[in-house]
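Quick look at my_file_37.txt (compact mmCIF, C-alpha atoms and all ligand atoms):
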# COMPACT_ATOMS: atom_id res chain seq x y z
CA MET A 30 -24.53 29.88 -117.38
CA THR A 31 -23.18 33.40 -117.08
CA PRO A 32 -23.21 34.88 -113.57
CA PRO A 33 -25.76 37.59 -112.70
CA ALA A 34 -24.56 41.02 -113.89
CA THR A 35 -24.71 42.46 -110.37
CA ILE A 36 -22.68 39.72 -108.68
CA GLU A 37 -20.13 40.86 -106.07
CA HIS A 38 -17.14 38.78 -104.96
CA ASP A 39 -15.62 38.14 -101.50
CA VAL A 40 -17.97 40.46 -99.65
CA PRO A 41 -17.39 40.68 -95.86
CA MET A 42 -20.49 39.37 -94.10
CA ALA A 43 -19.78 40.68 -90.59
CA PRO A 44 -21.07 44.20 -91.44
CA LEU A 45 -24.24 42.62 -92.84
CA THR A 46 -25.06 41.06 -89.46
CA THR A 47 -26.00 42.60 -86.11
CA LEU A 48 -23.49 40.45 -84.18
CA GLY A 49 -20.75 41.64 -86.53
CA VAL A 50 -18.72 38.44 -86.77
CA GLY A 51 -17.84 36.12 -89.64
CA GLY A 52 -15.84 35.95 -92.85
CA PRO A 53 -16.75 36.81 -96.46
CA ALA A 54 -19.41 35.61 -98.86
CA ARG A 55 -17.72 34.13 -101.90
CA TYR A 56 -20.46 35.66 -104.06
CA LEU A 57 -23.23 38.10 -103.18
CA VAL A 58 -26.24 39.29 -105.17
CA ARG A 59 -28.64 41.97 -103.92
CA ALA A 60 -32.05 40.86 -105.21
CA GLY A 61 -34.53 43.68 -105.84
CA SER A 62 -36.92 41.64 -107.99
CA VAL A 63 -38.19 38.08 -108.31
CA ASP A 64 -36.33 37.90 -111.64
CA ASP A 65 -33.08 38.72 -109.81
CA ILE A 66 -33.79 35.86 -107.39
CA VAL A 67 -34.66 33.34 -110.09
CA SER A 68 -31.63 34.13 -112.24
CA ALA A 69 -29.19 34.14 -109.29
CA VAL A 70 -30.57 30.88 -107.87
CA SER A 71 -30.55 29.22 -111.32
CA TRP A 72 -26.93 30.26 -111.81
CA ALA A 73 -25.95 28.86 -108.40
CA SER A 74 -27.82 25.57 -108.99
CA SER A 75 -26.31 25.08 -112.43
CA GLY A 76 -22.82 25.40 -110.96
CA GLY A 77 -23.52 23.35 -107.80
CA ILE A 78 -22.87 26.50 -105.74
CA PRO A 79 -24.37 26.54 -102.22
CA LEU A 80 -26.97 29.24 -101.58
CA PHE A 81 -27.78 31.24 -98.47
CA ILE A 82 -30.64 33.74 -98.11
CA LEU A 83 -29.67 36.82 -96.10
CA SER A 84 -32.22 39.32 -94.82
CA GLY A 85 -31.40 41.69 -91.96
CA GLY A 86 -28.65 39.44 -90.54
CA SER A 87 -30.04 39.74 -87.00
CA ASN A 88 -30.38 36.03 -86.30
CA LEU A 89 -27.12 34.63 -87.66
CA LEU A 90 -23.76 33.36 -86.53
CA VAL A 91 -21.50 33.38 -89.61
CA SER A 92 -18.34 31.28 -89.41
CA ASP A 93 -14.91 32.90 -89.54
CA ASP A 94 -14.40 31.24 -92.94
CA GLY A 95 -17.50 32.98 -94.25
CA PHE A 96 -19.87 31.33 -96.73
CA PRO A 97 -18.36 29.37 -99.64
CA GLY A 98 -21.19 30.07 -102.08
CA LEU A 99 -23.79 32.61 -103.15
CA VAL A 100 -25.41 34.87 -100.56
CA LEU A 101 -28.68 36.27 -101.85
CA LYS A 102 -29.46 39.51 -100.04
CA MET A 103 -33.22 40.14 -99.98
CA ASP A 104 -34.07 43.62 -101.23
CA LEU A 105 -37.66 43.07 -102.45
CA ARG A 106 -39.76 46.08 -101.42
CA GLY A 107 -43.42 47.16 -101.47
CA ILE A 108 -46.48 47.19 -99.21
CA SER A 109 -50.13 47.06 -100.29
CA SER A 110 -53.35 46.75 -98.32
CA ARG A 111 -57.07 46.15 -98.75
CA ASP A 112 -60.09 46.00 -96.46
CA GLU A 113 -61.81 42.65 -96.22
CA GLY A 114 -64.80 41.94 -93.97
CA GLY A 115 -63.82 44.05 -90.95
CA ARG A 116 -60.14 43.26 -91.28
CA THR A 117 -57.35 45.04 -93.09
CA VAL A 118 -55.18 42.67 -95.06
CA VAL A 119 -51.64 43.91 -95.69
CA ARG A 120 -49.13 42.30 -98.03
CA ALA A 121 -45.49 43.24 -97.45
CA ALA A 122 -42.58 42.22 -99.65
CA ALA A 123 -39.91 40.12 -97.93
CA GLY A 124 -37.30 42.90 -97.97
CA GLU A 125 -39.39 45.43 -96.06
CA PRO A 126 -37.74 46.31 -92.71
CA TRP A 127 -39.86 44.87 -89.89
CA ASP A 128 -39.94 47.63 -87.28
CA PRO A 129 -40.92 50.47 -89.67
CA PHE A 130 -43.67 48.11 -90.88
CA VAL A 131 -44.91 47.67 -87.28
CA GLU A 132 -44.71 51.42 -86.72
CA ALA A 133 -46.84 52.03 -89.84
CA MET A 134 -49.45 49.44 -88.77
CA VAL A 135 -49.71 50.99 -85.30
CA ALA A 136 -50.07 54.48 -86.84
CA GLU A 137 -52.88 53.15 -89.05
CA GLY A 138 -54.70 51.81 -85.98
CA LEU A 139 -54.16 48.20 -87.05
CA ALA A 140 -53.87 45.82 -84.10
CA GLY A 141 -51.92 42.59 -84.01
CA VAL A 142 -48.18 43.30 -84.11
CA GLU A 143 -47.78 46.16 -81.62
CA CYS A 144 -45.95 43.95 -79.07
CA LEU A 145 -43.43 43.03 -81.78
CA SER A 146 -42.07 46.59 -81.88
CA GLY A 147 -38.32 47.07 -81.97
CA ILE A 148 -37.40 43.66 -83.37
CA PRO A 149 -34.70 44.01 -86.04
CA GLY A 150 -34.70 42.27 -89.41
CA LEU A 151 -36.93 42.10 -92.44
CA VAL A 152 -40.52 40.97 -93.04
CA GLY A 153 -39.55 37.83 -94.98
CA ALA A 154 -37.75 36.35 -91.99
CA THR A 155 -40.69 36.74 -89.59
CA PRO A 156 -42.46 33.47 -90.49
CA ILE A 157 -39.22 31.46 -90.35
CA GLN A 158 -38.97 31.35 -86.57
CA ASN A 159 -42.48 32.69 -85.90
CA VAL A 160 -41.03 35.90 -84.50
CA GLY A 161 -42.50 36.76 -81.14
CA ALA A 162 -42.15 38.86 -78.01
CA TYR A 163 -44.20 40.02 -75.04
CA GLY A 164 -46.93 37.45 -75.51
CA GLN A 165 -47.51 38.04 -79.23
CA ASP A 166 -46.13 36.30 -82.31
CA VAL A 167 -46.58 36.64 -86.05
CA SER A 168 -48.55 33.39 -86.33
CA GLU A 169 -51.50 35.35 -84.86
CA THR A 170 -51.70 37.69 -87.88
CA ILE A 171 -50.08 35.90 -90.85
CA THR A 172 -52.71 34.70 -93.34
CA ARG A 173 -50.49 33.89 -96.31
CA VAL A 174 -46.83 33.41 -97.16
CA GLU A 175 -45.62 33.58 -100.75
CA GLY A 176 -42.51 31.56 -101.47
CA TRP A 177 -40.34 30.45 -104.33
CA ASP A 178 -39.88 26.69 -104.22
CA ARG A 179 -36.24 25.92 -104.99
CA ARG A 180 -37.12 22.28 -105.66
CA THR A 181 -39.81 22.87 -108.32
CA GLY A 182 -38.81 26.36 -109.46
CA ARG A 183 -42.37 27.62 -108.88
CA ILE A 184 -44.10 30.23 -106.74
CA VAL A 185 -46.20 28.64 -103.99
CA PHE A 186 -48.58 30.03 -101.37
CA PHE A 187 -48.95 28.86 -97.78
CA SER A 188 -51.98 29.40 -95.57
CA ASN A 189 -51.44 30.02 -91.86
CA GLY A 190 -52.06 26.31 -91.15
CA ASP A 191 -49.60 25.24 -93.86
CA CYS A 192 -46.85 27.18 -92.06
CA ARG A 193 -47.08 24.84 -89.00
CA PHE A 194 -46.19 27.61 -86.59
CA SER A 195 -45.13 26.80 -83.05
CA TYR A 196 -42.89 28.49 -80.44
CA ARG A 197 -40.02 30.11 -82.44
CA ASN A 198 -40.56 27.54 -85.15
CA SER A 199 -42.34 26.81 -88.42
CA LEU A 200 -42.33 24.60 -91.50
CA PHE A 201 -39.68 26.90 -92.98
CA LYS A 202 -37.29 26.35 -90.08
CA ALA A 203 -37.86 22.81 -88.88
CA VAL A 204 -39.54 20.76 -91.59
CA GLU A 205 -38.28 22.05 -94.94
CA PRO A 206 -35.39 24.38 -94.11
CA GLU A 207 -34.03 26.34 -97.07
CA ARG A 208 -36.51 24.86 -99.58
CA TYR A 209 -38.54 28.05 -99.91
CA ILE A 210 -37.39 31.60 -100.54
CA ILE A 211 -40.02 33.80 -98.95
CA LEU A 212 -41.09 36.57 -101.32
CA SER A 213 -43.91 38.23 -99.37
CA VAL A 214 -45.97 37.85 -96.22
CA THR A 215 -49.64 38.81 -95.81
CA TYR A 216 -50.98 39.79 -92.39
CA ALA A 217 -54.61 40.44 -91.34
CA PHE A 218 -55.23 43.15 -88.73
CA ARG A 219 -58.16 44.29 -86.65
CA ARG A 220 -58.84 47.87 -87.78
CA GLY A 221 -59.36 50.16 -84.80
CA GLY A 222 -58.55 47.16 -82.64
CA HIS A 223 -57.20 47.28 -79.14
CA ALA A 224 -53.70 46.27 -78.16
CA SER A 225 -53.21 42.79 -76.85
CA VAL A 226 -51.31 42.96 -73.55
CA LYS A 227 -50.85 39.49 -72.09
CA TYR A 228 -47.31 39.67 -70.76
CA PRO A 229 -47.08 40.56 -67.04
CA GLU A 230 -43.92 42.70 -67.38
CA LEU A 231 -45.54 44.82 -70.10
CA ARG A 232 -48.83 45.08 -68.22
CA ASN A 233 -47.02 46.20 -65.02
CA TYR A 234 -44.99 48.79 -66.92
CA LEU A 235 -48.14 50.28 -68.46
CA GLU A 236 -50.11 50.22 -65.21
CA GLU A 237 -47.29 51.73 -63.13
CA GLY A 238 -46.95 54.59 -65.63
CA GLY A 239 -50.71 55.19 -65.66
CA ARG A 240 -50.76 54.33 -69.37
CA SER A 241 -53.48 52.72 -71.45
CA LEU A 242 -53.43 48.93 -71.78
CA THR A 243 -55.30 49.10 -75.06
CA ASP A 244 -53.87 52.05 -77.01
CA LEU A 245 -51.64 50.73 -79.79
CA GLY A 246 -49.23 53.68 -79.76
CA GLN A 247 -48.77 53.58 -75.98
CA VAL A 248 -48.19 49.84 -76.01
CA ARG A 249 -45.61 50.21 -78.80
CA GLU A 250 -43.79 52.92 -76.83
CA ALA A 251 -43.85 50.78 -73.68
CA VAL A 252 -42.45 47.76 -75.53
CA LEU A 253 -39.67 49.91 -77.00
CA ALA A 254 -38.83 51.36 -73.58
CA ILE A 255 -38.67 47.92 -71.93
CA ARG A 256 -36.61 46.55 -74.80
CA ARG A 257 -34.13 49.46 -74.65
CA ARG A 258 -33.54 48.80 -70.95
CA LYS A 259 -32.49 45.26 -71.93
CA GLY A 260 -30.35 46.29 -74.92
CA MET A 261 -32.92 44.70 -77.23
CA VAL A 262 -33.29 47.64 -79.62
CA LEU A 263 -30.37 48.11 -82.01
CA ASP A 264 -28.38 51.21 -81.11
CA PRO A 265 -24.90 51.88 -82.54
CA ASP A 266 -24.05 53.77 -79.34
CA ASP A 267 -24.97 50.84 -77.08
CA PRO A 268 -22.34 48.02 -77.20
CA ASP A 269 -24.85 45.70 -75.53
CA THR A 270 -26.88 45.66 -78.75
CA CYS A 271 -24.06 44.20 -80.85
CA SER A 272 -25.81 40.83 -80.60
CA ASP A 273 -28.34 38.43 -82.06
CA GLY A 274 -30.86 39.35 -79.37
CA SER A 275 -31.66 36.33 -77.22
CA PHE A 276 -29.11 33.70 -78.15
CA PHE A 277 -30.97 30.79 -76.52
CA THR A 278 -34.63 29.78 -76.74
CA ASN A 279 -36.58 29.02 -73.58
CA PRO A 280 -36.57 25.22 -73.14
CA LEU A 281 -39.89 23.36 -73.24
CA VAL A 282 -39.92 20.45 -70.78
CA ASP A 283 -42.46 18.02 -69.33
CA PRO A 284 -44.01 18.88 -65.93
CA ALA A 285 -41.94 16.26 -64.04
CA THR A 286 -38.69 17.74 -65.37
CA ALA A 287 -39.89 21.24 -64.47
CA GLU A 288 -40.64 20.09 -60.91
CA ARG A 289 -37.23 18.45 -60.59
CA ILE A 290 -35.42 21.59 -61.75
CA LYS A 291 -37.55 23.80 -59.52
CA ALA A 292 -36.72 21.65 -56.48
CA GLY A 293 -33.01 21.65 -57.33
CA GLY A 294 -32.92 25.38 -58.00
CA GLY A 295 -34.35 26.59 -54.71
CA GLY A 296 -38.01 26.79 -55.69
CA GLU A 297 -37.92 30.29 -57.23
CA MET A 298 -37.83 29.20 -60.85
CA PRO A 299 -39.98 31.14 -63.34
CA HIS A 300 -42.04 28.84 -65.56
CA PHE A 301 -44.97 29.23 -67.91
CA PRO A 302 -47.60 26.87 -69.32
CA ALA A 303 -46.88 25.82 -72.92
CA PRO A 304 -48.95 23.90 -75.53
CA ASP A 305 -49.43 20.13 -75.21
CA GLY A 306 -49.04 20.15 -71.43
CA MET A 307 -45.41 21.19 -71.62
CA VAL A 308 -43.77 23.78 -69.38
CA LYS A 309 -41.66 26.67 -70.72
CA LEU A 310 -38.62 27.43 -68.58
CA SER A 311 -36.67 30.67 -68.56
CA ALA A 312 -33.34 30.17 -70.36
CA ALA A 313 -32.08 33.37 -68.68
CA TRP A 314 -32.82 31.96 -65.21
CA LEU A 315 -31.16 28.63 -66.04
CA ILE A 316 -28.05 30.40 -67.34
CA GLU A 317 -27.82 32.83 -64.39
CA ASN A 318 -28.21 29.94 -61.96
CA SER A 319 -25.45 28.03 -63.72
CA GLY A 320 -22.89 30.69 -62.86
CA PHE A 321 -23.19 33.33 -65.59
CA ALA A 322 -24.06 36.87 -64.57
CA LYS A 323 -24.95 39.75 -66.85
CA GLY A 324 -21.74 41.27 -68.22
CA TYR A 325 -19.84 37.94 -68.11
CA VAL A 326 -16.71 38.25 -70.27
CA ARG A 327 -14.96 35.59 -72.31
CA GLY A 328 -12.28 37.26 -74.44
CA ARG A 329 -13.86 39.52 -77.00
CA ALA A 330 -17.24 37.83 -76.57
CA GLY A 331 -19.46 38.08 -73.52
CA LEU A 332 -22.95 38.46 -72.13
CA SER A 333 -24.81 41.74 -72.33
CA SER A 334 -24.62 43.79 -69.15
CA LYS A 335 -28.39 44.29 -69.52
CA HIS A 336 -29.61 40.83 -70.50
CA THR A 337 -28.18 37.38 -69.69
CA LEU A 338 -29.58 35.82 -72.83
CA ALA A 339 -27.76 38.12 -75.24
CA ILE A 340 -24.29 37.09 -76.34
CA ILE A 341 -22.45 40.19 -77.48
CA ASN A 342 -19.45 40.96 -79.62
CA ARG A 343 -17.39 43.22 -77.34
CA GLY A 344 -15.29 44.39 -80.30
CA GLY A 345 -13.47 42.31 -82.90
CA ALA A 346 -14.79 38.94 -81.64
CA THR A 347 -14.47 35.93 -83.90
CA ALA A 348 -17.18 33.36 -84.50
CA ALA A 349 -14.90 30.81 -82.78
CA GLU A 350 -14.88 32.95 -79.62
CA VAL A 351 -18.67 33.27 -79.70
CA LEU A 352 -19.02 29.54 -80.21
CA ALA A 353 -16.67 28.80 -77.30
CA LEU A 354 -18.90 30.88 -75.02
CA VAL A 355 -22.02 29.14 -76.36
CA ARG A 356 -20.48 25.73 -75.60
CA GLU A 357 -19.36 26.85 -72.13
CA ILE A 358 -22.89 28.01 -71.25
CA GLN A 359 -24.53 24.88 -72.67
CA ALA A 360 -22.17 22.59 -70.75
CA ALA A 361 -22.73 24.46 -67.47
CA VAL A 362 -26.55 24.44 -67.79
CA THR A 363 -26.59 20.75 -68.69
CA ALA A 364 -24.30 19.91 -65.76
CA ARG A 365 -26.37 21.96 -63.29
CA PHE A 366 -29.93 21.22 -64.44
CA GLY A 367 -29.78 18.37 -66.99
CA VAL A 368 -31.48 20.59 -69.58
CA LYS A 369 -30.12 21.70 -72.93
CA VAL A 370 -30.32 25.36 -73.92
CA VAL A 371 -30.59 25.53 -77.69
CA PRO A 372 -29.26 28.43 -79.76
CA GLU A 373 -31.88 30.49 -81.59
CA PRO A 374 -29.68 31.97 -84.37
CA ASN A 375 -28.93 30.20 -87.62
CA PHE A 376 -25.34 29.02 -88.01
CA VAL A 377 -23.89 29.79 -91.44
CA GLY A 378 -20.82 28.34 -93.15
CA PHE A 379 -19.69 25.99 -90.37
CA PRO A 380 -18.06 22.67 -91.36
CA GLY A 381 -20.53 19.86 -91.89
CA GLN A 382 -23.47 22.14 -92.49
CA VAL A 383 -23.12 24.65 -95.21
CA THR A 384 -26.26 26.64 -94.60
CA SER A 385 -28.46 24.98 -92.01
CA SER A 386 -29.13 25.79 -88.38
CA ILE A 387 -27.21 23.78 -85.82
CA GLN A 388 -29.47 22.28 -83.16
CA ASN A 389 -27.09 21.19 -80.45
C1 LIG A 401 -31.34 43.17 -80.61
C2 LIG A 401 -32.14 42.01 -81.14
C3 LIG A 401 -33.39 41.72 -80.60
C4 LIG A 401 -34.16 40.65 -81.09
N1 LIG A 401 -35.38 40.40 -80.53
C5 LIG A 401 -36.13 39.38 -81.00
C6 LIG A 401 -37.43 39.10 -80.43
O1 LIG A 401 -37.87 39.78 -79.51
N2 LIG A 401 -38.13 38.08 -80.93
C7 LIG A 401 -37.69 37.30 -81.97
O2 LIG A 401 -38.41 36.38 -82.40
N3 LIG A 401 -36.47 37.54 -82.54
C8 LIG A 401 -35.70 38.55 -82.07
N4 LIG A 401 -34.45 38.79 -82.61
C9 LIG A 401 -33.96 37.90 -83.67
C10 LIG A 401 -34.19 38.43 -85.10
O3 LIG A 401 -34.30 39.82 -85.13
C11 LIG A 401 -35.44 37.84 -85.74
O4 LIG A 401 -35.37 36.43 -85.76
C12 LIG A 401 -35.63 38.34 -87.17
O5 LIG A 401 -36.87 37.90 -87.70
C13 LIG A 401 -34.52 37.90 -88.11
O6 LIG A 401 -34.70 38.62 -89.32
P1 LIG A 401 -33.55 38.93 -90.30
O7 LIG A 401 -34.19 39.65 -91.44
O8 LIG A 401 -32.45 39.64 -89.63
O9 LIG A 401 -33.13 37.46 -90.76
P2 LIG A 401 -31.63 36.84 -91.00
O10 LIG A 401 -30.92 36.88 -89.71
O11 LIG A 401 -30.99 37.51 -92.16
O12 LIG A 401 -32.03 35.38 -91.39
C14 LIG A 401 -32.52 34.48 -90.43
C15 LIG A 401 -32.82 33.13 -91.10
O13 LIG A 401 -33.95 33.24 -91.94
C16 LIG A 401 -33.61 32.91 -93.29
N5 LIG A 401 -34.31 33.87 -94.14
C17 LIG A 401 -34.34 35.21 -93.95
N6 LIG A 401 -35.13 35.77 -94.89
C18 LIG A 401 -35.56 34.77 -95.68
C19 LIG A 401 -36.40 34.72 -96.84
N7 LIG A 401 -36.95 35.82 -97.37
N8 LIG A 401 -36.66 33.50 -97.40
C20 LIG A 401 -36.11 32.39 -96.89
N9 LIG A 401 -35.31 32.37 -95.81
C21 LIG A 401 -35.05 33.55 -95.21
C22 LIG A 401 -32.11 33.05 -93.37
O14 LIG A 401 -31.58 32.25 -94.42
C23 LIG A 401 -31.69 32.62 -91.99
O15 LIG A 401 -31.67 31.22 -91.93
C24 LIG A 401 -33.66 39.85 -82.14
C25 LIG A 401 -32.39 40.14 -82.69
C26 LIG A 401 -31.65 41.20 -82.19
C27 LIG A 401 -30.31 41.49 -82.78
As a first step, turn the structure in this file into structure tokens.
Ligand SMILES: Cc1cc2nc3c(=O)[nH]c(=O)nc-3n(C[C@H](O)[C@H](O)[C@H](O)COP(=O)(O)OP(=O)(O)OC[C@H]3O[C@@H](n4cnc5c(N)ncnc54)[C@H](O)[C@@H]3O)c2cc1C
Amino acid sequence: MTPPATIEHDVPMAPLTTLGVGGPARYLVRAGSVDDIVSAVSWASSGGIPLFILSGGSNLLVSDDGFPGLVLKMDLRGISSRDEGGRTVVRAAAGEPWDPFVEAMVAEGLAGVECLSGIPGLVGATPIQNVGAYGQDVSETITRVEGWDRRTGRIVFFSNGDCRFSYRNSLFKAVEPERYIILSVTYAFRRGGHASVKYPELRNYLEEGGRSLTDLGQVREAVLAIRRRKGMVLDPDDPDTCSDGSFFTNPLVDPATAERIKAGGGGEMPHFPAPDGMVKLSAAWLIENSGFAKGYVRGRAGLSSKHTLAIINRGGATAAEVLALVREIQAAVTARFGVKVVPEPNFVGFPGQVTSSIQN
């Protein structure tokens, strides 16, 4: 098969990611149509070339060797909406940038994603890890996901239930990783609805400022303000945002384990109820209490001076340096509390796993 006409060779991937580390993509195609995707994927399959789907690059750790195959950069665009029985149903193509989408929904008075303001990346990645923040996640609004099944070569549709959403997880991440290329996501919103403020930190911020707890615009502004304080809104002038956001997910443990850790940690441990009787611990608290303060430095990698959970590239860091810091933190938390903190980002191009996430 002849390669796609628009194929690029040896393209540096670091500038295509928010952490800014990693080597080149052997091949790269920017896909602006489903035809682009199908022809590029068919070409890769026919040549036994590994494939990686790249969206906004905000949840990746790319190896220093880069990716030895085809990187398909999602550039599908377009948003359409219709009213349906008191709800507004909005379909967004996978390549639509997420935060401008949230901003547009809030401006339209559509409730359901306002607490997800300021999260980088593209729409098509939101179902993968059930993107969430401040007590809201996309599983609450997604009604349909359109995907291209790499196994059958067909377009398939998933209902909300089919997606098997859970905390930072879904079918697309845990059960059938890399099988489906997400083409579009459909969300249903409450028109004229009120904001959903469940998270204490957000509620306190709004109340202390005398702001509305229900106005979508005010809640979006509050979320953005809180996120900026933590370096969680991308800003080229803020070195603390050269990151993947939170690098570790909050561990889910059984109540007995939570009690043991609480007792061993001095009794001040934050914890939250989770589904199935589990308890969600704070990865930030575990890491801080294992000897890592905000601003911790390890070579050219380090921790954000605003947020313990964010591993940052302090300038010119390699993936190996980032990984060494990840391992150091994991070992310290395991030694101190007997709990594993698991990385949230997807690891790309590391030996032994060409494209999949590493779950340590
Ligand atoms: C400063 C900062 C703050 C953040 N805050 C949050 C937060 O509050 N909550 C949160 O949940 N996340 C957060 N993140 C993580 C990240 O922004 C989200 O996970 C986001 O959804 C990733 O989108 P992306 O487009 O950048 O995906 P990428 O990083 O490009 O890809 C992520 C994974 O999804 C796969 N993928 C992407 N698009 C598709 C597609 N169309 N079809 C199939 N597979 C696909 C990729 O192959 C990869 O495995 C933050 C990141 C940063 C840098």
Looking at all atoms listed in the file, which of A:Glu113, A:Asp93, A:Pro41, A:Glu250 is the one that sits closest to Glu143 (chain A)?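 Ranked by minimum distance to Glu143 (chain A), first place goes to A:Glu250.
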Separation of CA of Arg219 (chain A) from CA of Ala123 (chain A), in Å and rounded to one decimal: 21.9 Å
Near ligand LIG 401 (chain A), 6 Å: chain A residue rows, closest pairs, all atoms listed in the file, as JSON lines:
{"residue": "A:Thr47", "atom": "CA", "partner": "A:LIG401", "partner_atom": "C27", "distance": 5.6}
{"residue": "A:Phe81", "atom": "CA", "partner": "A:LIG401", "partner_atom": "O14", "distance": 5.6}
{"residue": "A:Ile82", "atom": "CA", "partner": "A:LIG401", "partner_atom": "O14", "distance": 4.1}
{"residue": "A:Leu83", "atom": "CA", "partner": "A:LIG401", "partner_atom": "O11", "distance": 4.2}
{"residue": "A:Ser84", "atom": "CA", "partner": "A:LIG401", "partner_atom": "O11", "distance": 3.4}
{"residue": "A:Gly85", "atom": "CA", "partner": "A:LIG401", "partner_atom": "O8", "distance": 3.3}
{"residue": "A:Gly86", "atom": "CA", "partner": "A:LIG401", "partner_atom": "O11", "distance": 3.4}
{"residue": "A:Ser87", "atom": "CA", "partner": "A:LIG401", "partner_atom": "O8", "distance": 3.6}
{"residue": "A:Asn88", "atom": "CA", "partner": "A:LIG401", "partner_atom": "O10", "distance": 3.6}
{"residue": "A:Leu89", "atom": "CA", "partner": "A:LIG401", "partner_atom": "O10", "distance": 4.9}
{"residue": "A:Ala123", "atom": "CA", "partner": "A:LIG401", "partner_atom": "N7", "distance": 5.3}
{"residue": "A:Ile148", "atom": "CA", "partner": "A:LIG401", "partner_atom": "N1", "distance": 4.8}
{"residue": "A:Pro149", "atom": "CA", "partner": "A:LIG401", "partner_atom": "O3", "distance": 4.3}
{"residue": "A:Gly150", "atom": "CA", "partner": "A:LIG401", "partner_atom": "O7", "distance": 3.4}
{"residue": "A:Leu151", "atom": "CA", "partner": "A:LIG401", "partner_atom": "O7", "distance": 3.8}
{"residue": "A:Gly153", "atom": "CA", "partner": "A:LIG401", "partner_atom": "N7", "distance": 4.1}
{"residue": "A:Ala154", "atom": "CA", "partner": "A:LIG401", "partner_atom": "N6", "distance": 4.0}
{"residue": "A:Thr155", "atom": "CA", "partner": "A:LIG401", "partner_atom": "O5", "distance": 4.4}
{"residue": "A:Ile157", "atom": "CA", "partner": "A:LIG401", "partner_atom": "O13", "distance": 5.8}
{"residue": "A:Val160", "atom": "CA", "partner": "A:LIG401", "partner_atom": "O2", "distance": 3.4}
{"residue": "A:Gly161", "atom": "CA", "partner": "A:LIG401", "partner_atom": "O2", "distance": 4.3}
{"residue": "A:Ala162", "atom": "CA", "partner": "A:LIG401", "partner_atom": "O1", "distance": 4.6}
{"residue": "A:Tyr209", "atom": "CA", "partner": "A:LIG401", "partner_atom": "C20", "distance": 5.8}
{"residue": "A:Ile210", "atom": "CA", "partner": "A:LIG401", "partner_atom": "N8", "distance": 3.7}
{"residue": "A:Ile211", "atom": "CA", "partner": "A:LIG401", "partner_atom": "N8", "distance": 3.7}
{"residue": "A:Leu212", "atom": "CA", "partner": "A:LIG401", "partner_atom": "N7", "distance": 5.8}
{"residue": "A:Met261", "atom": "CA", "partner": "A:LIG401", "partner_atom": "C1", "distance": 4.0}
{"residue": "A:Val262", "atom": "CA", "partner": "A:LIG401", "partner_atom": "C1", "distance": 5.0}
{"residue": "A:Leu263", "atom": "CA", "partner": "A:LIG401", "partner_atom": "C1", "distance": 5.2}
{"residue": "A:Thr270", "atom": "CA", "partner": "A:LIG401", "partner_atom": "C1", "distance": 5.4}
{"residue": "A:Ser272", "atom": "CA", "partner": "A:LIG401", "partner_atom": "C27", "distance": 5.0}
{"residue": "A:Asp273", "atom": "CA", "partner": "A:LIG401", "partner_atom": "C27", "distance": 3.7}
{"residue": "A:Gly274", "atom": "CA", "partner": "A:LIG401", "partner_atom": "C2", "distance": 3.4}
{"residue": "A:Asn375", "atom": "CA", "partner": "A:LIG401", "partner_atom": "O15", "distance": 5.2}
Minimum-distance residue to Gly61 (chain A), chosen among A:Gly222, A:Gly124, A:Gly294, A:Pro304 (using only C-alpha atoms):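 The closest residue to Gly61 (chain A) is A:Gly124.
Computed from the coordinates, the CA of Ala312 (chain A) to CA of Val248 (chain A) distance equals 25.3 Å.
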Pairwise distance for CA of Met42 (chain A) and CA of Cys271 (chain A), rounded to one decimal in Å: 14.5 Å
Using all atoms listed in the file, which of A:Val67, A:Met298, A:Leu200, A:Leu139 sits nearest Gly182 (chain A)? A:Val67
Pick from A:Pro284, A:Gly77, A:Gly115, A:Pro97 nearest to Gly306 (chain A), counting all atoms listed in the file: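 With all atoms listed in the file as the atom set, the closest residue is A:Pro284.
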Excluding Ala203 (chain A) and residues on its chain fewer than 5 positions from it, collect all residues at most 10 Å away from it, counting all atoms listed in the file, and give them as an mmCIF file with C-alpha atoms, in the coordinates of the input.
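Output (out.cif):
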data_model
loop_
_atom_site.group_PDB
_atom_site.id
_atom_site.type_symbol
_atom_site.label_atom_id
_atom_site.label_comp_id
_atom_site.auth_asym_id
_atom_site.auth_seq_id
_atom_site.Cartn_x
_atom_site.Cartn_y
_atom_site.Cartn_z
ATOM 1 C CA ILE A 157 -39.220 31.460 -90.350
ATOM 2 C CA GLN A 158 -38.970 31.350 -86.570
ATOM 3 C CA ARG A 193 -47.080 24.840 -89.000
ATOM 4 C CA PHE A 194 -46.190 27.610 -86.590
ATOM 5 C CA ARG A 197 -40.020 30.110 -82.440
ATOM 6 C CA ASN A 198 -40.560 27.540 -85.150
ATOM 7 C CA SER A 386 -29.130 25.790 -88.380
#
Name all residues at most 10 Å from Ser319 (chain A) (count only C-alpha atoms; drop same-chain ones fewer than 2 positions away) and give them as a list of chain:residue names.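 The filter keeps A:Gly294, A:Ala313, A:Trp314, A:Leu315, A:Ile316, A:Glu317, A:Phe321, A:Ala322, A:Ile358, A:Gln359, A:Ala360, A:Ala361, A:Val362, A:Thr363, A:Ala364, A:Arg365, A:Phe366.
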Taking all atoms listed in the file into account, name the residue in A:Ser225, A:Ser213, A:Ser195, A:Asn318 that is nearest to Leu281 (chain A).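 Looking at the shortest contact to Leu281 (chain A), the residue is A:Ser195.
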Kindly indicate which residue among A:Ala54, A:Leu48, A:Cys144, A:Ala122 lies nearest to Ile108 (chain A), using all atoms listed in the file for the distances.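 For Ile108 (chain A), the nearest of the candidates is A:Ala122.
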